[in-house]
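To start, the structure under review is shown below, and the notes come after it.
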Amino acid sequence: YRQQLAGKLSREELPLGPRYHVFVDPPGAKIGNGGSTLHVLRCLEDLYGDKWTTFTVLLIHSGGYSQRLPNASALGKIFTALPFGDPVYQMLELKLAMYIDFPSQMKPGILVTCSDDIELYSTGVTETVTFDKPGFTALAHPSDLSVGTTHGVFVLDPPSFSGEGGLEYASCRRFLHKPAVETMRRCGAVCARRNCSQPSSSGDHSDSEMDSECVYTDSIFYMDHSIAKQLLTFYKQMGTLCCEIDAYGDFLQALGPEATQDHTKNTSNLPKEESQLVEVRQKLYSLLKGTALNVIVLNNSKFYHIGTTQEYLHHLTSDSKLKFELNLQPVAFSIFSGKAESLAHSASIIQSVLEPGCLIGPGSVIEYSRIGPEVSIGKNSIISGSHINSKVDIPSNCFLSSLSIKMNNQVKYASMVFSVEDDLKKSVKLLSDIHSLQFFGVSLLECLDLWGIKVSDQLFSSESTRLGLWTARIFPVCSTLSESVRMSLKMLNSVQHMSAFKLNGFKLLSVEEMLTHKDVEDMLKFRKQLYDKIHLQRQKEKS
């Protein structure tokens with residue numbers, strides 16, 4: 001992260017005025033984005049003493065392992081590239097551009113956001129988004145009820161809220177975290193959508209959206225320094241955190257006059273070892289109870305999430321709304337001199353060099369890659385950080401991402417290949433259950449047999465009982481980038497045609513191990529080579 005930030009600053013791709021810091025979670029148990037928020041407050045105090053309470057802070061949770069979008073795993077979700085700009089924008093630049101008006105309308109405090117969401121809104125000329133009230137202030141977006149079940153939902157106070165205009169300030173009676181539809185109705189969170197319609201891609205309001213119901217869902221939130229100081233004191237008193245706290249679920253659910261303690265005991269979706277969590281949640285509830293939750297209702301806004309392979313493909317290739325609103329390009333800062341028909345209309349090419357003759361299928365994303373003339377890529381695939389120079393047909397729905405790795409002080413390469421629909425988070429506890437894991441729609445057990453890999457305790461890298469695609473040692477280490485791609489595609493080919501491709505003699509790594517051994521410098525060097533080649537070509541074309 002620091003290397004990438006330093007590079008951006010040296011190239012003047014970021015504003016030079018703010019101070020940029022990267023803070024890593026403390027070693028030990030995972031502490032969630034709520035724990036990370038508390039830890040950042042402590043780091044700021046350690047660095048700046050009492051002065052930190054005069055700062056306006058943008059805190060971006062930059063993504064953990066990114067198992068649902070693994071092309072962001074090695075270099076971080078906040079550095080996910082987007083198909084526009086010269087040089088291409090990454091999520092970090094987009095976040096700063098989206099929030100550019102906020103600091104001047106903000107009292108000292110902390111604005112908390114994630115690295116894989118995009119909030120777009122339009123307000124009247126005289127309307128401004130202002131963060132100046134004590135307590136918490138959150139942005140709210142009109143959403144379908146189904147969206148509400150996977151987000152936070154605000155129960156707004158009717159007298160303070162009319163649902164009219166582009167922007168409204170309202171008070172919130174209660175915050176619901178990922179509620180069922182019946183809970184939203186029972187608590188009074190559901191509104192008629194008449195006045196909170198969203199523009200479609202053409203900018204028109206469609207009738208179906210005009211009359212349906214909506215709920216107001218969360219995205220980013222702000223807390224003033226008096227709250228931040230209370231949370232920091234709480235964190236110091238707690239000592240070491242051993243559980244995952246959710247900045248949204250555990251902070252915001254304690255707010256508003258109708259907040260209840262119900263959520264503090266709801267650990268149904270959490271592992272058994274979270275024994276500390278109930279105690280921490282109850283203490284947070286006691287600490288924050290009675291604190292105001294102010295809501296800035298953006299009636300004319302849309303919230304996009306691009307944290308999974310499916311969302312990423314959908315928004316970058318087929319979703320006309322986000323494409324239209326951000327003016328995303330089919331070819332962004334790339335060399336592509338082939339015929340127009342060899343690049344499907346809905347494909348997305350980002351900082352890549354495509355040689356004449358290659359074919360790219362519809363709905364596929366190619367980023368930071370070199371694609372040779374005899375390469376054909378199917379539809380809905382993701383190719384990231386790869387060099388493909390042999391004759392090959394890559395099937396549809398393929399996920400291919402290459403990493404530079406350092407082993408015994410030597411730079412090597414490994415490429416992970418999956419289906420975009422494979423579940424990298426799924427795991428089993430016993431070796432006898434690994435038949436239930438799927439690789440490209442085939443039982444992992446069958447795949448291992450085709451690759452000549454024996455099932456044993458050595459097959460998985462994780463010391464715990466998490467046996468899954470993330471921890472399976474199946475990807476060969478090679479001495480060149482193109483060779484590693486070739487080997488991984490041969491593995492995939494063997495599974496698709498049910499023909500053996502033995503991996504004997506190769507050192508095999510899991511995705512988990514690839515990330516542990518990643519060589520960031522070499523990966524950024526490859527991106528820089530692509531950048532230089534494209535930049536040079538552009539200069540030639542101009543002259």
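Within each chain, counting starts at residue 1; across the structure tokens, chains are named A, B, ... in the order shown, with ligands numbered 1 upward in that order.
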Using DSSP secondary structure from the backbone, list all strand (DSSP E) positions within region 258-495 of chain A, as a PyMOL selection string. chain A and resi 293-298+301-305+331-332+335-336+348-350+353-354+359-360+365-367+370-371+375-377+382-384+387-388+392-394+398-407+410-419+427-428+438-439+442-443+467-468+475-476
Near Met238 (chain A), within 12 Å and counting only C-alpha atoms, which residues show up once chain neighbours fewer than 5 positions away are dropped, as JSON, numbers by chain? {"A": [35, 38, 39, 231, 232, 233, 243, 276, 277, 279, 280, 281, 283, 284]}
Find the spatial neighbours of Phe23 (chain A), counting only C-alpha atoms, within a cut-off of 12 Å - ignore same-chain residues fewer than 3 positions away - and output them as an MDAnalysis selection string. chainID A and resid 1:2 20 26:27 36:44 46:47 59:62
Proximity to Thr128 (chain A) - best of A:Val485, A:Tyr216, A:Val297, A:Lys265, only C-alpha atoms: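 The shortest atom-to-atom distance to Thr128 (chain A) comes from A:Val297.
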Using only C-alpha atoms for the distances, tell me which of A:Leu431, A:Lys133, A:Val331, A:Cys214 is nearest to Asp457 (chain A). A:Leu431
Nearest to Tyr121 (chain A): which of A:Tyr285, A:Tyr65, A:Phe175, A:Tyr304 is it, counting only C-alpha atoms?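 Nearest candidate to Tyr121 (chain A) out of A:Tyr285, A:Tyr65, A:Phe175, A:Tyr304: A:Tyr304.
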